[in-house]
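Structure data follow from run09.pdb (PDB, C-alpha atoms):
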```
MODEL        1
ATOM      1  CA  MET C   1      -3.807  -9.945  -2.235
ATOM      2  CA  ARG C   2      -3.173  -8.781   1.333
ATOM      3  CA  GLU C   3      -4.847  -5.704   2.802
ATOM      4  CA  ILE C   4      -5.028  -4.354   6.347
ATOM      5  CA  VAL C   5      -8.164  -2.795   7.832
ATOM      6  CA  LEU C   6      -6.922  -0.210  10.330
ATOM      7  CA  ASP C   7      -8.537   1.854  13.077
ATOM      8  CA  THR C   8      -7.371   3.868  16.074
ATOM      9  CA  GLU C   9      -8.843   5.350  19.228
ATOM     10  CA  THR C  10      -7.366   8.586  20.562
ATOM     11  CA  THR C  11      -7.415  10.967  23.514
ATOM     12  CA  GLY C  12      -9.046  13.653  21.383
ATOM     13  CA  LEU C  13      -9.536  14.931  17.873
ATOM     14  CA  SER C  14      -6.230  16.655  17.067
ATOM     15  CA  TYR C  15      -2.691  15.347  17.252
ATOM     16  CA  ARG C  16      -1.585  18.921  16.575
ATOM     17  CA  ASP C  17      -3.009  19.802  19.991
ATOM     18  CA  GLY C  18      -1.061  16.984  21.595
ATOM     19  CA  ASP C  19      -3.720  14.269  21.445
ATOM     20  CA  LYS C  20      -2.357  10.736  21.327
ATOM     21  CA  ILE C  21      -3.252   7.286  20.058
ATOM     22  CA  ILE C  22      -4.459   5.024  22.853
ATOM     23  CA  GLU C  23      -5.607   1.978  20.868
ATOM     24  CA  VAL C  24      -4.705   0.438  17.510
ATOM     25  CA  GLY C  25      -6.612  -2.297  15.722
ATOM     26  CA  CYS C  26      -5.634  -4.129  12.540
ATOM     27  CA  VAL C  27      -7.464  -6.906  10.697
ATOM     28  CA  GLU C  28      -5.711  -8.786   7.920
ATOM     29  CA  LEU C  29      -7.630  -9.419   4.697
ATOM     30  CA  VAL C  30      -6.595 -11.770   1.931
ATOM     31  CA  ASN C  31      -8.639 -11.317  -1.228
ATOM     32  CA  HIS C  32     -10.880  -8.982   0.821
ATOM     33  CA  ILE C  33     -11.736 -11.691   3.399
ATOM     34  CA  PRO C  34     -10.597 -11.576   7.083
ATOM     35  CA  THR C  35      -8.070 -14.319   7.822
ATOM     36  CA  GLY C  36      -8.261 -14.191  11.621
ATOM     37  CA  ASN C  37      -4.736 -12.785  11.798
ATOM     38  CA  ASN C  38      -5.178  -9.544  13.742
ATOM     39  CA  LEU C  39      -3.199  -7.031  15.766
ATOM     40  CA  GLN C  40      -4.610  -4.986  18.622
ATOM     41  CA  PHE C  41      -2.882  -3.050  21.390
ATOM     42  CA  TYR C  42      -3.482  -0.239  23.892
ATOM     43  CA  CYS C  43      -1.065   2.587  24.592
ATOM     44  CA  SER C  44      -0.413   4.381  27.856
ATOM     45  CA  THR C  45      -0.017   8.146  27.659
ATOM     46  CA  SER C  46       0.490  11.127  29.908
ATOM     47  CA  LYS C  47      -2.118  13.013  27.881
ATOM     48  CA  THR C  48      -5.442  13.181  29.718
ATOM     49  CA  ILE C  49      -8.287  11.675  27.738
ATOM     50  CA  LYS C  50     -10.921  14.270  26.944
ATOM     51  CA  GLU C  51     -14.377  13.616  28.310
ATOM     52  CA  ASP C  52     -16.097  13.654  24.916
ATOM     53  CA  ALA C  53     -13.587  11.096  23.626
ATOM     54  CA  LYS C  54     -14.062   8.965  26.724
ATOM     55  CA  THR C  55     -17.799   8.750  26.076
ATOM     56  CA  VAL C  56     -17.056   7.379  22.597
ATOM     57  CA  HIS C  57     -14.608   4.580  23.440
ATOM     58  CA  GLY C  58     -14.868   4.261  27.222
ATOM     59  CA  LEU C  59     -11.099   4.067  27.760
ATOM     60  CA  THR C  60      -9.520   5.702  30.813
ATOM     61  CA  ASN C  61      -5.992   6.768  31.696
ATOM     62  CA  GLU C  62      -6.090   4.444  34.691
ATOM     63  CA  PHE C  63      -6.734   1.450  32.402
ATOM     64  CA  LEU C  64      -4.106   2.511  29.859
ATOM     65  CA  ASN C  65      -1.378   2.894  32.486
ATOM     66  CA  LYS C  66      -1.051  -0.905  32.489
ATOM     67  CA  HIS C  67       0.126  -0.887  28.866
ATOM     68  CA  PRO C  68       3.325   0.228  27.054
ATOM     69  CA  THR C  69       3.493   3.537  25.189
ATOM     70  CA  PHE C  70       3.066   3.636  21.408
ATOM     71  CA  ASP C  71       6.803   3.965  20.720
ATOM     72  CA  LYS C  72       7.426   0.648  22.500
ATOM     73  CA  GLN C  73       4.926  -1.042  20.186
ATOM     74  CA  ALA C  74       5.588   0.784  16.906
ATOM     75  CA  LYS C  75       7.909  -1.912  15.560
ATOM     76  CA  LYS C  76       5.361  -4.723  15.847
ATOM     77  CA  PHE C  77       2.783  -2.459  14.223
ATOM     78  CA  LEU C  78       5.011  -1.738  11.230
ATOM     79  CA  GLU C  79       5.985  -5.392  10.905
ATOM     80  CA  PHE C  80       2.325  -6.387  10.854
ATOM     81  CA  ILE C  81       1.118  -3.938   8.202
ATOM     82  CA  GLU C  82       4.263  -4.327   6.063
ATOM     83  CA  ASN C  83       3.815  -2.456   2.764
ATOM     84  CA  ASP C  84       0.260  -3.625   2.164
ATOM     85  CA  THR C  85      -2.767  -1.487   1.345
ATOM     86  CA  LEU C  86      -4.535   0.043   4.343
ATOM     87  CA  ILE C  87      -8.341   0.158   4.457
ATOM     88  CA  ILE C  88      -9.411   3.035   6.724
ATOM     89  CA  HIS C  89     -12.658   4.865   7.441
ATOM     90  CA  ASN C  90     -11.827   8.588   7.393
ATOM     91  CA  ALA C  91      -8.183   7.892   6.572
ATOM     92  CA  GLU C  92      -6.935  11.450   7.017
ATOM     93  CA  PHE C  93      -7.692  11.283  10.746
ATOM     94  CA  ASP C  94      -6.005   7.952  11.466
ATOM     95  CA  ILE C  95      -3.035   8.447   9.145
ATOM     96  CA  GLY C  96      -2.381  11.880  10.662
ATOM     97  CA  PHE C  97      -2.274  10.412  14.167
ATOM     98  CA  ILE C  98      -0.181   7.399  13.157
ATOM     99  CA  ASN C  99       2.401   9.420  11.244
ATOM    100  CA  ASN C 100       2.691  11.798  14.171
ATOM    101  CA  GLU C 101       3.285   8.897  16.567
ATOM    102  CA  LEU C 102       5.798   7.317  14.206
ATOM    103  CA  LYS C 103       7.683  10.599  13.909
ATOM    104  CA  LEU C 104       7.821  10.965  17.699
ATOM    105  CA  SER C 105       9.032   7.355  17.916
ATOM    106  CA  GLY C 106      11.865   7.901  15.428
ATOM    107  CA  TYR C 107      10.256   6.145  12.440
ATOM    108  CA  LYS C 108       9.448   7.327   8.927
ATOM    109  CA  LYS C 109       5.920   8.182   7.840
ATOM    110  CA  LEU C 110       3.805   5.457   6.297
ATOM    111  CA  GLY C 111       4.210   4.935   2.570
ATOM    112  CA  ASN C 112       1.399   2.403   2.186
ATOM    113  CA  LYS C 113      -1.378   2.800  -0.332
ATOM    114  CA  VAL C 114      -4.552   3.851   1.495
ATOM    115  CA  VAL C 115      -8.199   3.190   0.596
ATOM    116  CA  ASP C 116     -10.559   5.561   2.408
ATOM    117  CA  THR C 117     -13.958   3.915   2.685
ATOM    118  CA  ILE C 118     -15.831   7.199   3.158
ATOM    119  CA  PRO C 119     -15.373   8.507  -0.413
ATOM    120  CA  LEU C 120     -15.656   4.917  -1.659
ATOM    121  CA  ALA C 121     -19.056   4.573   0.030
ATOM    122  CA  ARG C 122     -20.274   7.956  -1.176
ATOM    123  CA  LYS C 123     -19.356   7.135  -4.750
ATOM    124  CA  THR C 124     -20.602   3.546  -4.686
ATOM    125  CA  LEU C 125     -23.880   4.227  -2.883
ATOM    126  CA  ASN C 126     -24.459   7.776  -4.159
ATOM    127  CA  THR C 127     -24.982   9.010  -0.605
ATOM    128  CA  ARG C 128     -23.735  11.947   1.429
ATOM    129  CA  ILE C 129     -24.043  10.104   4.740
ATOM    130  CA  ALA C 130     -21.220   7.598   5.109
ATOM    131  CA  ASN C 131     -20.514   7.080   8.801
ATOM    132  CA  LEU C 132     -19.831   3.504   9.900
ATOM    133  CA  ASP C 133     -23.120   3.073  11.790
ATOM    134  CA  TYR C 134     -25.126   4.139   8.751
ATOM    135  CA  LEU C 135     -23.204   1.829   6.409
ATOM    136  CA  CYS C 136     -23.625  -1.133   8.744
ATOM    137  CA  ARG C 137     -27.364  -0.528   8.888
ATOM    138  CA  ARG C 138     -27.465  -0.085   5.114
ATOM    139  CA  PHE C 139     -25.879  -3.514   4.645
ATOM    140  CA  SER C 140     -27.730  -5.176   7.568
ATOM    141  CA  ILE C 141     -24.500  -5.735   9.502
ATOM    142  CA  ASP C 142     -25.051  -6.502  13.185
ATOM    143  CA  LEU C 143     -24.288  -3.503  15.422
ATOM    144  CA  SER C 144     -25.659  -4.958  18.642
ATOM    145  CA  GLN C 145     -22.192  -5.342  20.209
ATOM    146  CA  ARG C 146     -21.110  -1.792  19.381
ATOM    147  CA  LYS C 147     -22.159   0.001  22.561
ATOM    148  CA  LEU C 148     -18.787   1.783  22.548
ATOM    149  CA  HIS C 149     -16.225   2.241  19.814
ATOM    150  CA  GLY C 150     -13.219  -0.056  19.833
ATOM    151  CA  ALA C 151     -10.392  -0.184  17.298
ATOM    152  CA  LEU C 152     -10.469  -3.917  16.629
ATOM    153  CA  LYS C 153     -14.254  -4.134  16.837
ATOM    154  CA  ASP C 154     -14.631  -1.296  14.338
ATOM    155  CA  CYS C 155     -12.066  -2.938  12.039
ATOM    156  CA  TYR C 156     -14.223  -6.048  11.841
ATOM    157  CA  LEU C 157     -17.317  -3.982  11.071
ATOM    158  CA  LEU C 158     -15.421  -2.009   8.445
ATOM    159  CA  SER C 159     -14.117  -5.203   6.845
ATOM    160  CA  GLU C 160     -17.738  -6.303   6.314
ATOM    161  CA  VAL C 161     -18.725  -2.894   4.935
ATOM    162  CA  TYR C 162     -15.688  -2.871   2.641
ATOM    163  CA  LEU C 163     -16.598  -6.276   1.223
ATOM    164  CA  GLU C 164     -20.146  -5.082   0.536
ATOM    165  CA  LEU C 165     -18.877  -1.934  -1.166
ATOM    166  CA  LEU C 166     -16.796  -4.096  -3.475
ATOM    167  CA  GLY C 167     -19.844  -6.048  -4.564
ATOM    168  CA  GLY C 168     -20.916  -8.175  -1.657
ATOM    169  CA  LYS C 169     -20.265 -11.689  -0.414
ATOM    170  CA  GLN C 170     -19.801 -14.250  -3.153
ATOM    171  CA  THR C 171     -19.274 -17.970  -2.693
ATOM    172  CA  THR C 172     -17.209 -19.813  -5.243
ATOM    173  CA  LEU C 173     -17.535 -23.575  -5.554
ATOM    174  CA  ASP C 174     -14.928 -25.788  -7.151
ATOM    175  CA  LEU C 175     -16.974 -28.279  -9.145
ATOM    176  CA  ASN C 176     -14.119 -29.445 -11.363
ATOM    177  CA  LYS C 177     -12.826 -32.093  -8.957
ATOM    178  CA  LYS C 178     -13.215 -35.637 -10.261
ATOM    179  CA  ASN C 179     -15.763 -37.703  -8.408
ATOM    180  CA  ASN C 180     -16.673 -41.206  -9.545
ATOM    181  CA  ASN C 181     -20.024 -40.994  -7.759
ATOM    182  CA  GLN C 182     -21.140 -37.935  -9.714
ATOM    183  CA  THR C 183     -23.096 -38.146 -12.964
ATOM    184  CA  LYS C 184     -23.009 -34.375 -13.446
ATOM    185  CA  SER C 185     -20.118 -31.996 -13.556
ATOM    186  CA  THR C 186     -19.851 -28.285 -14.063
ATOM    187  CA  GLN C 187     -16.851 -26.861 -15.797
ATOM    188  CA  LYS C 188     -16.025 -23.152 -15.665
ATOM    189  CA  ILE C 189     -14.391 -21.750 -18.766
ATOM    190  CA  GLU C 190     -13.074 -18.207 -18.885
ATOM    191  CA  GLN C 191     -13.030 -16.769 -22.373
ATOM    192  CA  LYS C 192     -12.346 -13.122 -23.159
ATOM    193  CA  ASN C 193     -13.142 -12.135 -19.564
ATOM    194  CA  THR C 194     -16.537 -13.873 -19.808
ATOM    195  CA  LEU C 195     -17.368 -16.717 -17.431
ATOM    196  CA  ILE C 196     -19.221 -19.526 -19.175
ATOM    197  CA  ASN C 197     -20.757 -22.430 -17.268
ATOM    198  CA  VAL C 198     -20.602 -25.660 -19.256
ATOM    199  CA  ILE C 199     -22.775 -28.476 -17.890
ATOM    200  CA  SER C 200     -22.076 -32.028 -18.988
ATOM    201  CA  ILE C 201     -24.288 -35.070 -18.368
ATOM    202  CA  SER C 202     -23.604 -38.786 -18.496
ATOM    203  CA  GLU C 203     -24.594 -41.165 -21.310
ATOM    204  CA  LYS C 204     -26.914 -42.949 -18.875
ATOM    205  CA  GLU C 205     -28.784 -39.689 -18.206
ATOM    206  CA  ILE C 206     -29.124 -39.033 -21.938
ATOM    207  CA  GLN C 207     -30.646 -42.469 -22.571
ATOM    208  CA  THR C 208     -33.016 -42.078 -19.601
ATOM    209  CA  HIS C 209     -34.183 -38.749 -20.979
ATOM    210  CA  LYS C 210     -34.760 -40.181 -24.465
ATOM    211  CA  LYS C 211     -36.976 -42.926 -23.046
ATOM    212  CA  PHE C 212     -38.968 -40.336 -21.124
ATOM    213  CA  VAL C 213     -39.418 -38.129 -24.215
ATOM    214  CA  LYS C 214     -40.820 -41.025 -26.291
ATOM    215  CA  ASN C 215     -43.883 -41.078 -24.072
ATOM    216  CA  LEU C 216     -44.635 -37.395 -24.604
ATOM    217  CA  LYS C 217     -47.189 -36.417 -27.240
ATOM    218  CA  LYS C 218     -46.290 -33.629 -29.677
ATOM    219  CA  SER C 219     -43.174 -32.777 -27.705
ATOM    220  CA  LEU C 220     -40.669 -30.316 -29.111
ATOM    221  CA  TRP C 221     -37.962 -32.709 -27.974
ATOM    222  CA  HIS C 222     -38.846 -35.007 -30.903
ATOM    223  CA  LYS C 223     -37.588 -32.327 -33.293
ATOM    224  CA  LEU C 224     -34.140 -32.325 -31.728
ATOM    225  CA  ASP C 225     -31.444 -34.660 -32.891
ATOM    226  CA  TYR C 226     -29.248 -35.219 -29.873
TER
ENDMDL
END
```
Structure encoded using structure tokens:
Amino acid sequence: MREIVLDTETTGLSYRDGDKIIEVGCVELVNHIPTGNNLQFYCSTSKTIKEDAKTVHGLTNEFLNKHPTFDKQAKKFLEFIENDTLIIHNAEFDIGFINNELKLSGYKKLGNKVVDTIPLARKTLNTRIANLDYLCRRFSIDLSQRKLHGALKDCYLLSEVYLELLGGKQTTLDLNKKNNNQTKSTQKIEQKNTLINVISISEKEIQTHKKFVKNLKKSLWHKLDY
């Protein structure tokens, strides 16, 4: 299952007032895990970045002038996200900006399914506070590198938060591979949506255990016929 964690940085808070996207970050997830396949780009714009926005992300018009405008990069953005689910923190903000940019660039609005992690966090954690900093602290996710906001940086943080909201990190081990050096094997059987761990032991181990049990006084093992 492919999902895309998405974030943007902008010149201000309202595309209706002419504010523009100046950075886009995307992190690809497969089965909720980052693959390392990412997309990140900056956008030049004639819109002056507002001072309060500049203090958040640190981007300047002088820096952005070195980069193409959003419309020149819209195609690669759409090709990257395809039709996959978008994972966004405060989705209404980012989707509003992106759809506005796509419209100005001659493209259709996004039709992707969107998961907004703010209501997901509030429901999952039963909390009113759900900003990204709070959620990272709640899940002990390292924020030491987040001096300023950045689209790709925040996507990586959100991908960790998203995984925790879905139940946390789980490691699955494939113990069904044949190995002549092993005397134990674990077989996983799925039955009626219930995972059962079946542990098998070798005949040598059984005989070794029987010899050990014989030396035990009044052991419950003597009552078992195995």
Once the PyMOL selection byres ((chain C and resi 37) around 10) has been evaluated on this model, what residues remain selected, and can you format them as an MDAnalysis selection string? chainID C and resid 26:29 34:36 38:39 80
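Shortest atom-to-atom contact with Asp19 of chain C among C:Ile49, C:Asn83, C:Phe139, C:Thr127: C:Ile49, counting all atoms listed in the file.
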Report the residues retrieved by the PyMOL selection byres ((chain C and resi 105-122) around 9) from the displayed file, expressed as a PyMOL selection string. chain C and resi 70-72+74-75+78+81-92+95+98-104+123-132+135+158+161-162+165
Shell of 10 Å around Ile22 of chain C, all atoms listed in the file, local chain residues under 2 positions omitted, as a list in words: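 Those residues are Thr8, Glu9, Thr10, Thr11, Gly12, Asp19, Lys20, Val24, Phe41, Tyr42, Cys43, Ser44, Thr45, Lys47, Ile49, Leu59, Thr60, Asn61, Leu64, His67, Thr69, Phe70 and Ala151 of chain C.
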Using C-alpha atoms, can you export the residues from the last selection as an mmCIF file, in the coordinates of the input?
```cif
data_model
loop_
_atom_site.group_PDB
_atom_site.id
_atom_site.type_symbol
_atom_site.label_atom_id
_atom_site.label_comp_id
_atom_site.auth_asym_id
_atom_site.auth_seq_id
_atom_site.Cartn_x
_atom_site.Cartn_y
_atom_site.Cartn_z
ATOM 1 C CA THR C 8 -7.371 3.868 16.074
ATOM 2 C CA GLU C 9 -8.843 5.350 19.228
ATOM 3 C CA THR C 10 -7.366 8.586 20.562
ATOM 4 C CA THR C 11 -7.415 10.967 23.514
ATOM 5 C CA GLY C 12 -9.046 13.653 21.383
ATOM 6 C CA ASP C 19 -3.720 14.269 21.445
ATOM 7 C CA LYS C 20 -2.357 10.736 21.327
ATOM 8 C CA VAL C 24 -4.705 0.438 17.510
ATOM 9 C CA PHE C 41 -2.882 -3.050 21.390
ATOM 10 C CA TYR C 42 -3.482 -0.239 23.892
ATOM 11 C CA CYS C 43 -1.065 2.587 24.592
ATOM 12 C CA SER C 44 -0.413 4.381 27.856
ATOM 13 C CA THR C 45 -0.017 8.146 27.659
ATOM 14 C CA LYS C 47 -2.118 13.013 27.881
ATOM 15 C CA ILE C 49 -8.287 11.675 27.738
ATOM 16 C CA LEU C 59 -11.099 4.067 27.760
ATOM 17 C CA THR C 60 -9.520 5.702 30.813
ATOM 18 C CA ASN C 61 -5.992 6.768 31.696
ATOM 19 C CA LEU C 64 -4.106 2.511 29.859
ATOM 20 C CA HIS C 67 0.126 -0.887 28.866
ATOM 21 C CA THR C 69 3.493 3.537 25.189
ATOM 22 C CA PHE C 70 3.066 3.636 21.408
ATOM 23 C CA ALA C 151 -10.392 -0.184 17.298
#
```
Rounded to one decimal in Å, what is the spacing between atom CA of Val30 of chain C and atom CA of Met1 of chain C?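 Distance between the two atoms: 5.3 Å.
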Nearest residue to Lys153 of chain C from the set C:Arg16, C:Leu166, C:Leu6, C:Ile206 (distances using only C-alpha atoms): C:Leu6
Pick out the residues sitting within 12 Å of Asp133 of chain C, and hand them over as a tab-separated table (two decimals) with C-alpha atoms, keeping the file's coordinate frame; count all atoms listed in the file, and ignore anything fewer than 4 positions along from it in its own chain.
```tsv
chain	number	residue	atom	x	y	z
C	89	HIS	CA	-12.66	4.86	7.44
C	129	ILE	CA	-24.04	10.10	4.74
C	137	ARG	CA	-27.36	-0.53	8.89
C	138	ARG	CA	-27.46	-0.08	5.11
C	139	PHE	CA	-25.88	-3.51	4.64
C	140	SER	CA	-27.73	-5.18	7.57
C	141	ILE	CA	-24.50	-5.74	9.50
C	142	ASP	CA	-25.05	-6.50	13.18
C	143	LEU	CA	-24.29	-3.50	15.42
C	144	SER	CA	-25.66	-4.96	18.64
C	145	GLN	CA	-22.19	-5.34	20.21
C	146	ARG	CA	-21.11	-1.79	19.38
C	147	LYS	CA	-22.16	0.00	22.56
C	148	LEU	CA	-18.79	1.78	22.55
C	149	HIS	CA	-16.23	2.24	19.81
C	154	ASP	CA	-14.63	-1.30	14.34
C	157	LEU	CA	-17.32	-3.98	11.07
C	158	LEU	CA	-15.42	-2.01	8.44
C	161	VAL	CA	-18.73	-2.89	4.93
```
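Taking atom CA of Glu3 of chain C as the reference point, atom CA of Val56 of chain C is found at 26.7 Å.
Between atom CA of Ile33 of chain C and atom CA of Gly58 of chain C there is a distance of 28.8 Å.
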